[in-house]
Structure formats: structure tokens, C-alpha cells
Amino acid sequence: MSRYLLRRLLIAVPSLIGISIVLFTILALAPGDPFGELASNPAVPPEVRVALRAKFGMDDPIVLRYLHWLVAMLQGDWGFSFVSRVNVDTLIWQRLPATLLVIGSSQVLALLIALPVGVFAATRPYSVFDQIASTFAFIGFSLPTFFTGLLFILLFSIHLDWLPFVFRSDLAATGWRWYWEEFRQAIMPIAVLGMFQGASWTRYVRSAVLDVIRLDYVTTARAKGLREGKVVIRHVVRNALIPVVTLVALQVPAIFGGAIVTEQIFRVPGIGSLLINSILQNDTPVIMGVTFVFACLVILFNLIADVLYGWLDPRIAYR
Amino acid sequence: MQEKALRAMVARVKAGRMSRRAFVRRMVALGLTAPMAGMMLSHSGVAWAQAASAYKPTKAGGGGALKVLWWQAPTLLNPHFAVGTKDQDASRIFYESLAGWDGEGNLVPILAAEVPSQQNGGLSDDGKSVTWKLKQGVKWHDGEPFTADDCIFNWQYAGDPATATYDVATYKDIQVEKIDDHTIKVIFKKPTPFWADPFVGVRGMMIPKHLFEAYKGDKSRDAPANLKPVGTGPYKFVDFKPGDSVRGEINTAYHLPNRPYFDTLEMKGGGDAVSAARAVLQTGEYDFAWNLQVEDAILKKLEEGGKGHVVVVEGGSIEHIGINFTDPWTEVDGERSSLKTKHPTLSDKAVRDALNLLVDRASVEKFIYGRAGVATRNFLNNPPRFRSKITEFEFNIDKANKILDDAGWKRGSDGIREKDGKKLHFVYQTSINEPRQKNQAIVKQACQKAGIDIELKSVAASVFFSSDAGNPDIYPRFSTDIQMYTTSQTEPDPALFMNQFCSWEAATKDNKWQGRNVTRWRSEEYDKAYRAAEGDLDPVKRAALFITMNDLVIGDVAVIPVIYRPNVRGVHNQLKTVLSGWDSDAYMLSDWYREA
């Protein structure tokens with residue numbers, strides 16, 4: 001097991017380097033530069049742009065720039081944003097709380113919806129409950145988040161005037177009031193994302209449970225005279241959830257990546273909005289930093305998913 | 001002639017027979033900036049109007065929180081690096097200049113004790129120096145006094161090419177001398193007609209010497225105060241999250257009495273213009289929203305929410321159709337629209353005149369832009385016509401047809417006019433933006449009736465306005481016959497705006513299309529007038545020269561102005577703001593208050 005882990009971690013190193021080379025090259029070859037705004041302003045002499053480019057090392061050959069970046073990164077220096085001149089790691093840390101709060105809670109919400117509904121629907125396939133759940137699940141994942149987001153704003157912020165639709169990262173209130181305000185502003189983005197994710201997971205849980213519930217050992221368990229609840233929870237769900245766990249584990253990096261569209265609609269200062277703004281402004285170091293973190297997380301959680309899989313299903317061996 | 005007319009007008013203002021406001025309006029109609037008009041009056045001995053402040057609160061503070069929304073989020077708070085409006089506005093919350101420009105072109109002293117003039121000895125006769133008297137008793141947020149040394153430092157900091165500030169052009173060629181602790185003298189290399197640029201307005205924001213001194217030149221990025229501004233402004237810094245929000249709290253030691261009114265200030269960034277408008281106009285969640293580039297019909301609907309209203313601030317942006325004087329369809333030395341070519345059909349003035357008559361500006365205003373775009377007057381003819389309040393622009397298909405008939409452009413079997421085998425077929429490009437596409441359709445329809453075939457082309461805005469010289473679709477390369485976009489005059493001095501018709505500014509492959517003359521229209525007369533205006537110290541004469549230049553451009557139909565685009569802001573019904581199109585939105589933040 002530990003040898004397996006070590007091997008996987010060692011394989012991860014070249015993959016990460018490969019990913020970073022690809023990212024860096026694509027960004028370097030992409031058109032546009034972060035000082036475009038300087039170029040189109042007639043009052044700014046071109047020398048300023050030239051000086052800035054030289055200062056930030058943007059005129060060096062790509063290979064040299066990449067090596068600079070890599071060496072600095074290995075020493076824990078992430079570089080700084082060309083646009084705000086703030087260190088990239090500072091920017092990412094600033095965005096992390098809002099991202100984790102909103103996207104993290106939405107995934108929890110999604111699980112809270114998907115598990116009970118999916119399991120319940122699968123134990124009574126084609127019942128009225130199953131039909132209704134399926135209908136809602138289809139509606140849920142066929143409506144894009146930007147649409148439900150706007151719908152929620154119209155209903156809850158404008159018609160009912162219950163909830164604010166501008167997310168503030170620094171609420172002025174303290175104590176319980178702070179929690180209440182935070183809850184009020186976060187509930188809409190959480191619900192939008194959670195319901196979308198929950199809808200597709202519901203379908204997934206349902207089919208996973210359906211696969212298992214017809215197996216012979218379940219029939220045996222029932223024949224033993226076990227209560228239905230015990231059969232479902234002990235014997236069915238535990239086995240049915242193995243693929244679901246993998247799915248959820250692979251979804252975790254996406255939590256850090258944020259949700260670009262939803263963050264834009266509710267003005268949530270998350271990592272997704274940081275990434276999209278950096279892309280729009282050609283802010284290479286930030287794009288590099290965020291995408292690299294993302295790549296690391298994908299690799300890490302792939303590994304975790306594999307390990308979990310084996311732990312849940314002893315039939316799988318590590319070699 | 002023009003100069004005389006202008007002088008007469010100035011004299012009327014001086015004698016009190018014409019209001020200052022009417023004068024400025026007229027100058028703006030002539031295509032001059034309001035600050036320019038103010039300079040003209042000042043030079044002629046009319047004092048800068050001290051607009052009576054409408055500020056009512058009788059004590060500082062007690063106003064609660066002021067929440068403002070900028071849909072582009074601020075990313076940095078050092079004014080000398082603030083290229084974008086969003087960053088300039090965010091910096092202006094904490095930093096102040098010696099003086100700012102109000103909406104009517106008055107120079108308003110802020111950190112200066114008074115505005116320099118010939119009368120108070122602030123301006124030298126040779127136009128080579130300006131003496132500023134600084135306000136006494138102004139303190140930085142950390143308690144240090146603001147003195148002449150800070151001004152000297154700002155000049156050295158911003159003027160040092162190694163610091164790479166965006167306003168380096170303003171500071172690098174001047175000298176600043178300290179006369180005493182509260183007096184400085186700005187010395188120009190050559191006579192400078194427009195002296196109110198260094199230390200004034202957006203480019204004049206002062207950063208404290210004692211916090212930035214160690215971080216000049218190469219080390220500019222390391223200054224901790226880059227992210228934690230310490231200024232002299234009405235609000236003190238609390239917190240800044242780049243790309244998200246800026247927070248401030250009341251500066252109880254502010255240098256103006258009873259100000260500011262609000263206890264805290266929150267500037268939230270990000271999102272889109274429509275929802276920003278909604279948050280102010282309809283739900284009242286926020287007090288102020290910046291730059292609402294939203295269709296007027298939507299704004300009107302949101303205003304029905306009753307929480308806020310739209311405020312239109314006059315500025316200097318014009319949506320215009322540029323006409324290509326070179327041939328975009330012939331490649332010379334690997335360059336389309338080369339200066340060595342001539343446009344086969346648009347070089348005929350009759351065709352350009354016809355096009356000018358085919359742009360239905362009134363409909364564009366009425367059906368597309370509403371309050372956010374006023375059909376431009378046919379602004380540059382001769383002075384007598386300016387005196388009529390609004391000169392009529394004309395939309396007349398019959399007249400256009402007649403002009404084309406007379407010039408020998410005959411309709412072919414397909415209804416499209418042609419002469420010598422050359423058809424009137426034009427490609428008309430603009431950026432992708434709904435109002436622009438509607439505008440294109442209006443022009444195309446009218447042209448069809450006059451036998452001109454228009455092919456529409458829309459380019460993504462991020463490409464059209466990018467600085468990527470390699471892309472043929474960027475507007476400076478002008479690879480089509482006509483194109484439409486907005487050109488904004490953010491600088492108070494019209495010289496930088498009017499250089500877009502100078503022959504040496506023509507955008508070509510040689511200058512990587514960085515030249516500002518995009519239409520490639522060239523006129524010796526224009527160049528001469530521009531050169532003359534560069535060195536002339538007499539603002540009135542200078543204004544006359546600028547009007548001449550405008551006349552030349554419009555008279556020859558090098559561009560067809562469509563609408564004039566003021567800045568649109570959303571303001572909460574109880575909030576009282578002071579805004580100017582010639583300075584940052586936050587330039588008078590100290591005077592904002594809420595009415596009960």
C-alpha cells in the first residue's frame with residue numbers, strides 16, 4: 001500500500017511538470033498582453049509599456065521565463081499579478097474563504113438532496129415518488145445555473161425583497177448577526193449550485209442503488225428476515241455508494257475552482273471570478289497560479305479516490 | 001473671424017450678459033472640453049466660479065454607510081499606476097490632488113489654497129511656470145503634515161521612468177521647485193498653454209513622501225502602502241481585496257469642515273452593469289452605481305422600482321463613423337489601407353456627403369440610446385450657426401439620392417449605384433455590442449434606399465479594441481470601408497484628442513498601427529492649425545484653432561459623428577452626489593451626503 005502510494009506520488013511529479021509546461025506555453029503564445037490598456041491610452045508614452053515589460057521579464061525567451069517561474073515556484077514564490085502587483089498566493093488565499101463557503105456548502109447541500117432522494121427513489125422504482133423525483137432531477141440539471149440564478153434574484157430579491165443579491169466578502173456585522181447576514185447572502189448561490197449538482201447526483205445515486213438492490217445477496221439478506229431499513233442501509237447503500245464516493249472525490253477540485261458563472265451573477269469573490277478576470281486581463285502569473293493549484297488538486301484527489309475505492313471495496317488490490 | 005466671435009462671447013460673459021454656464025455649453029458644443037472653456041475665461045480675466053457648495057450637513061459623520069458599486073472591480077490603489085478608471089476612482093477615495101475639474105470646467109482647489117491665475121501671480125507671463133499655494137494644516141491619515149516636499153516627491157516618483165508610472169508623460173519633462181513649505185513652482189520646458197495637468201485631476205493625486213520615499217524606481221512594487229493607502233482624503237483606508245472590494249472609514253481630521261458625512265464607505269466591484277443598475281435603481285441595496293452602459297429602456301424600467309434614479313454626466317465621448325480614405329481591399333507591401341492608396345469610391349466627396357445625410361441620428365438617439373446618447377449637432381460649421389441653440393443635423397434620403405445622381409453615380413440593374421465600373425458597396429464594421437448592431441441596421445436601411453449597398457461586419461470587442469497589431473480586425477488597422485466606435489476625450493486638454501487627424505499620426509504598418517489617425521485623412525491645413533495650437537498661449541486663440549480643426553474634419557466628412565455619449569450613473573434617491581465628466585467620479589466624495 002505504501003509502495004503504491006509512493007509510486008503514485010512519484011508519477012505525479014512529471015505529470016505536474018508536464019502540465020505546467022503546457023499551461024505556460026499556451027499562455028505565452030496566446031495573443032494580448034496585460035498592458036493593452038496602456039497601449040490604447042494616447043497619454044501614456046510607449047516607453048512606459050516597454051519599461052514595464054522589461055521589468056516584469058516579459059521579453060525574455062519562453063524557456064527562460066518558464067525556468068524562472070519553475071525555480072521560483074519550487075522555492076514557494078508564486079510570483080505577482082501584473083495587474084494588481086499583489087503576490088499570487090495572497091490573491092488566492094483571499095478568495096479561498098468565500099469559495100469554500102459557497103461552493104463547499106453547495107456540494108454538501110447537493111449530497112443532502114441526492115443521497116436520500118436517490119436511495120428512496122431506487123428502493124421504490126417507478127413509484128409516484130420516483131417519477132416526481134426523476135422529473136425534478138431532469139428539470140434541475142437541464143436548467144443552467146445562470147438561468148436559475150437570475151430566476152432566484154427576481155423572485156427572492158426583487159419581488160419578495162427577502163435576500164440581498166450582492167455578495168459581500170466583508171460584512172460589517174459581528175456575532176450572531178454576522179452569521180445571519182452571511183447566511184442570507186450565501187443562501188441563493190448555494191441553492192443554485194447545490195440544486196444543479198444535486199439533481200445529477202440524484203440520478204447517479206438512484207441508478208447505483210438500483211444496480212445493487214437486485215443482486216442475490218440482497219435477496220438473501222431479506223430472506224434472513226432482516227428489516228427493510230437495515231437491508232437498505234447496511235447492505236445496499238454501502239455497496240452502491242462506492243462509485244458515488246469516487247464521483248464526489250473527483251468533484252472536490254471543482255470546489256476550489258469555483259463556479260465562474262454563478263460567482264459572476266452574485267458577485268461572489270471566489271477563485272472562479274479571480275481566474276476569469278485574470279484571463280480577461282491577460283494576467284499570466286495569476287492564471288498560472290490558479291490553474292496550477294487546480295491541476296495539483298485534480299491529481300491529488302484522483303489518488304484519494306483510488307485509495308478510497310480500495311478501502312471501500314476490498315476486492316480491489318493495489319499493485 | 002472665429003477668434004473674434006469667441007472674444008466677443010468671452011467679453012459678454014465678463015460683462016455679465018452671458019452666463020458662464022451658457023458659455024461653457026456652447027464651447028462643449030463646439031467640440032471643446034469644459035476645462036478648456038474654463039481656461040479661456042480665466043485667461044481673459046473672468047474669475048473661476050466658486051460654485052456655491054450644495055453641501056448641507058452641519059457636522060461630520062453620522063451618515064452611516066455609503067455603499068457604491070463599480071461593476072469593474074478595482075485592482076490597485078496606487079494612483080500613479082492606476083490606468084483604468086476603476087483604479088483611479090478607488091484611489092481617489094483616499095488620495096487627493098491640488099485641484100479637480102468640476103462639471104462646468106472650473107478648476108476647484110482641493111489641496112491647493114487657491115487656483116493660480118494671472119491676478120494672484122500664480123501664472124507667469126511667458127507661460128513657462130505656475131506657482132501653487134498649498135492649503136495649510138492638511139494632514140495625512142497617519143497624522144504627518146502635508147507639505148511642499150510631498151509635491152516634489154510626487155514629481156520625482158512619477159517622473160522617474162524606472163518607476164514606470166502611467167502618468168510619467170505629465171511629470172518627466174517638468175521641474176518642480178519648493179519656494180517654502182506651502183508653495184511650489186512648476187516649471188515647463190516650453191510655454192505651455194494648458195498648465196493645469198501636473199498635480200491636477202486624476203493625474204495629480206498625491207502620495208505621501210514619508211511612506212513611499214524608500215520605494216522609488218525599481219522598488220516601487222514593494223511599497224506596503226501600495227495596498228494600504230495613506231492619503232489626505234475624506235475616508236481612511238480599512239481594507240482592500242484586489243478585484244473585489246475596498247472599504248474606508250471616516251477621516252475625522254479631514255481638512256474641510258463638517259465633512260465627510262458618511263461613517264464608512266464600501267466600494268464593491270465585479271458583476272455586470274445591468275445587475276448593478278438593478279441594485280441601485282430597483283432594490284436600493286446600493287447607493288451608487290458607476291457607468292451604467294445599459295439600454296435606456298431597461299434603465300427606465302428599473303427606475304420604476306422607485307429606489308434610485310439615473311444621473312447623466314456630460315463628458316467628451318463621441319460615437320462616430322470613421323471613413324477610410326485609403327483602399328482597404330488592395331494590399332501594398334503587405335499592408336491593407338496603406339497610405340499609398342486612395343479609396344476607389346469614398347475618396348469622392350459626393351459619396352461621403354451622401355453617407356452623412358443617410359445616418360438617421362434622431363432615430364439612433366430615440367430608439368437605441370435614449371438618455372445615454374444625444375444625437376450630435378452638426379457641430380462644426382461657422383460661428384453664426386453655433387449661436388442657434390441646436391444646429392439641425394440632416395437626415396434626408398432624397399437629397400442624398402440627388403447628390404449621388406448629380407455626381408454621376410448611376411443605379412445599375414441590381415439597384416446599386418456605380419460609376420466607371422466601381423460599385424457603391426461598403427463594408428461597415430463595429431464591435432459586437434447590441435446598440436451598435438441596431439445602429440448599423442438603421443444606417444444600412446437608409447443606404448439601401450439611396451442605392452448604396454452596405455455589408456455589415458461585427459468584431460468581438462476584445463479583438464476590435466485590442467492592441468494586438470497582428471490581428472487585421474483591430475480598429476486602427478481599419479481593414480474595411482467604414483467603421484464605428486466611440487472615442488472618448490478623458491483628457492481635459494483637447495490637444496490629445498484632436499491629434500487623431502494629424503497626418504503624422506496616421507496608423508501604418510511602420511508604426512505597428514499605433515498611430516492615432518485611423519481614417520488616414522490628411523490635410524495640410526489641419527496640420528498647420530494643430531501645430532499653431534500647440535504653442536499658443538492665448539486660450540481664446542487656441543480655442544479658435546481647435547474649432548478650425550473641427551471644421552476641417554467635419555466639412556470634408558472625414559468622420560460622421562452619430563451621437564454624443566454622456567456618462568450614466570445610478571444614484572439612490574436620497575443620495576446627493578457631486579459628479580464631473582472631466583474628473584474621477586470620486587473627486588468630490590467629501591461633499592456626498594444623504595438627504596433624509
# chains A, B, ... in the order shown; residues from 1 in each chain; ligands from 1

call {"tool": "interface_residues", "arguments": {"of": "chain A", "to": "chain B", "cutoff": "9 Å", "atoms": "only C-alpha atoms", "output": "PyMOL selection string"}}
result
chain A and resi 31-33+35-45+47-49+51-52+55+83-86+91+94-95+157-158+161+164-166+168-170+263-269+273-274+277+280

call {"tool": "residues_around", "arguments": {"residues": "segment 101-108 of chain A", "least_positions_apart": "5", "cutoff": "7 Å", "atoms": "only C-alpha atoms", "output": "list in words"}}
result
Ala186, Pro189, Ile190, Ala191, Leu193, Gly194, Ile255 and Gly258 of chain A

call {"tool": "atom_distance", "arguments": {"atom1": "atom CA of Ser200 of chain A", "atom2": "atom CA of Ala137 of chain A"}}
result
6.5 Å

call {"tool": "select_by_dssp", "arguments": {"residues": "segment 31-247 of chain A", "states": "helix (DSSP H, G or I)", "output": "PyMOL selection string"}}
result
chain A and resi 36-40+46-55+62-74+88-123+128-142+145-159+175-213+216-223+228-247

call {"tool": "closest_residue", "arguments": {"among": "A:Ile299, A:Val209, A:Ala199, A:Leu154", "to": "Ala133 of chain A", "atoms": "only C-alpha atoms"}}
result
A:Ala199

call {"tool": "residues_around", "arguments": {"residues": "Asp102 of chain B", "least_positions_apart": "4", "cutoff": "9 Å", "atoms": "only C-alpha atoms", "output": "list in words"}}
result
Ala34, Pro35, Asn106, Leu107, Val108, Val578, Leu579, Ser580, Gly581, Trp582, Asp583, Tyr587 and Met588 of chain B

call {"tool": "write_last_selection", "arguments": {"atoms": "C-alpha atoms", "output": "JSON list (two decimals), in the first residue's frame"}}
result
[["chain", "number", "residue", "atom", "x", "y", "z"],
["B", 34, "ALA", "CA", -15.36, 72.25, -20.45],
["B", 35, "PRO", "CA", -11.99, 72.66, -18.70],
["B", 106, "ASN", "CA", -13.95, 75.13, -13.24],
["B", 107, "LEU", "CA", -10.71, 74.28, -11.58],
["B", 108, "VAL", "CA", -11.69, 73.62, -7.96],
["B", 578, "VAL", "CA", -21.16, 65.84, -6.92],
["B", 579, "LEU", "CA", -20.02, 64.43, -10.27],
["B", 580, "SER", "CA", -17.98, 65.66, -13.16],
["B", 581, "GLY", "CA", -17.30, 64.21, -16.58],
["B", 582, "TRP", "CA", -13.83, 65.73, -16.56],
["B", 583, "ASP", "CA", -12.53, 64.19, -13.39],
["B", 587, "TYR", "CA", -13.23, 63.73, -6.94],
["B", 588, "MET", "CA", -15.75, 65.40, -4.62]]

call {"tool": "atom_distance", "arguments": {"atom1": "atom CA of Pro328 of chain B", "atom2": "atom CA of Thr341 of chain B"}}
result
8.7 Å

call {"tool": "closest_residue", "arguments": {"among": "B:Asn511, B:Thr330, B:Gln448, B:Thr232", "to": "Ile93 of chain B", "atoms": "only C-alpha atoms"}}
result
B:Thr232

call {"tool": "residues_around", "arguments": {"residues": "Phe325 of chain B", "least_positions_apart": "4", "cutoff": "7 Å", "atoms": "only C-alpha atoms", "output": "VMD selection string"}}
result
chain B and resid 342 to 343 346 to 347 519 to 521

call {"tool": "write_last_selection", "arguments": {"atoms": "N, CA and C atoms", "output": "mmCIF file, in the first residue's frame"}}
result
data_model
loop_
_atom_site.group_PDB
_atom_site.id
_atom_site.type_symbol
_atom_site.label_atom_id
_atom_site.label_comp_id
_atom_site.auth_asym_id
_atom_site.auth_seq_id
_atom_site.Cartn_x
_atom_site.Cartn_y
_atom_site.Cartn_z
ATOM 1 N N LYS B 342 -5.613 55.084 -52.489
ATOM 2 C CA LYS B 342 -6.713 56.012 -52.317
ATOM 3 C C LYS B 342 -7.987 55.198 -52.406
ATOM 4 N N HIS B 343 -8.952 55.483 -51.563
ATOM 5 C CA HIS B 343 -10.176 54.692 -51.625
ATOM 6 C C HIS B 343 -10.886 54.921 -52.957
ATOM 7 N N LEU B 346 -14.921 56.123 -51.858
ATOM 8 C CA LEU B 346 -15.125 57.065 -50.756
ATOM 9 C C LEU B 346 -14.263 58.316 -50.897
ATOM 10 N N SER B 347 -13.287 58.291 -51.806
ATOM 11 C CA SER B 347 -12.489 59.494 -51.988
ATOM 12 C C SER B 347 -13.292 60.563 -52.719
ATOM 13 N N THR B 519 -8.534 57.086 -39.734
ATOM 14 C CA THR B 519 -9.188 57.263 -41.034
ATOM 15 C C THR B 519 -8.156 57.524 -42.132
ATOM 16 N N ARG B 520 -6.931 57.866 -41.731
ATOM 17 C CA ARG B 520 -5.863 58.227 -42.671
ATOM 18 C C ARG B 520 -6.240 59.474 -43.466
ATOM 19 N N TRP B 521 -7.140 60.280 -42.915
ATOM 20 C CA TRP B 521 -7.485 61.544 -43.567
ATOM 21 C C TRP B 521 -6.333 62.503 -43.329
#

call {"tool": "residues_around", "arguments": {"residues": "segment 139-145 of chain A", "least_positions_apart": "4", "cutoff": "9 Å", "atoms": "only C-alpha atoms", "output": "ChimeraX atom specification"}}
result
/A:134-135,149-150,192-193,195-200,261-262

call {"tool": "closest_atom_pairs", "arguments": {"of": "segment 172-286 of chain A", "to": "segment 306-318 of chain A", "cutoff": "9 Å", "atoms": "only C-alpha atoms", "output": "tab-separated table"}}
result
residue	atom	partner	partner_atom	distance
A:Arg238	CA	A:Leu312	CA	8.5
A:Asn239	CA	A:Asp313	CA	8.0
A:Ile242	CA	A:Leu312	CA	6.5
A:Pro243	CA	A:Tyr309	CA	7.9
A:Val245	CA	A:Tyr309	CA	7.8
A:Thr246	CA	A:Tyr309	CA	6.9
A:Ala249	CA	A:Leu308	CA	9.0

call {"tool": "atom_distance", "arguments": {"atom1": "atom CA of Asp89 of chain A", "atom2": "atom CA of Leu16 of chain A"}}
result
18.2 Å

call {"tool": "residues_around", "arguments": {"residues": "His235 of chain A", "least_positions_apart": "4", "cutoff": "9 Å", "atoms": "only C-alpha atoms", "output": "list in words"}}
result
Val212, Ile213, Tyr217, Val218, Ala221, Lys230, Val231, Asn239 and Ala240 of chain A

call {"tool": "write_last_selection", "arguments": {"atoms": "N, CA and C atoms", "output": "compact mmCIF listing (two decimals), in the first residue's frame"}}
result
# COMPACT_ATOMS: atom_id res chain seq x y z
N VAL A 212 -27.54 -2.43 -7.40
CA VAL A 212 -27.20 -3.32 -6.29
C VAL A 212 -28.42 -4.03 -5.74
N ILE A 213 -29.53 -3.31 -5.70
CA ILE A 213 -30.69 -3.80 -4.94
C ILE A 213 -31.26 -5.09 -5.52
N TYR A 217 -27.41 -11.24 -3.05
CA TYR A 217 -27.13 -11.17 -1.61
C TYR A 217 -28.14 -10.28 -0.90
N VAL A 218 -28.75 -9.37 -1.64
CA VAL A 218 -29.78 -8.53 -1.03
C VAL A 218 -31.02 -9.39 -0.76
N ALA A 221 -30.35 -11.38 2.22
CA ALA A 221 -30.47 -10.61 3.45
C ALA A 221 -31.93 -10.46 3.83
N LYS A 230 -32.66 -1.93 7.50
CA LYS A 230 -31.31 -2.44 7.72
C LYS A 230 -30.71 -2.98 6.42
N VAL A 231 -31.54 -3.65 5.65
CA VAL A 231 -31.08 -4.18 4.36
C VAL A 231 -30.59 -3.04 3.48
N ASN A 239 -22.67 -0.65 -0.54
CA ASN A 239 -22.04 -1.09 -1.78
C ASN A 239 -22.35 -0.17 -2.95
N ALA A 240 -23.57 0.36 -2.93
CA ALA A 240 -23.95 1.22 -4.05
C ALA A 240 -23.14 2.50 -4.04

call {"tool": "residues_around", "arguments": {"residues": "segment 94-97 of chain B", "least_positions_apart": "2", "cutoff": "7 Å", "atoms": "only C-alpha atoms", "output": "list in words"}}
result
Ser91, Arg92, Ala99, Gly100, Ile110, Leu111, Phe199, Val200, Gly201, Gly204, Met205, Met206, Ile207, Pro229, Val230, Gly231, Thr232, Gly233, Pro234, Tyr235, Lys236 and Phe237 of chain B
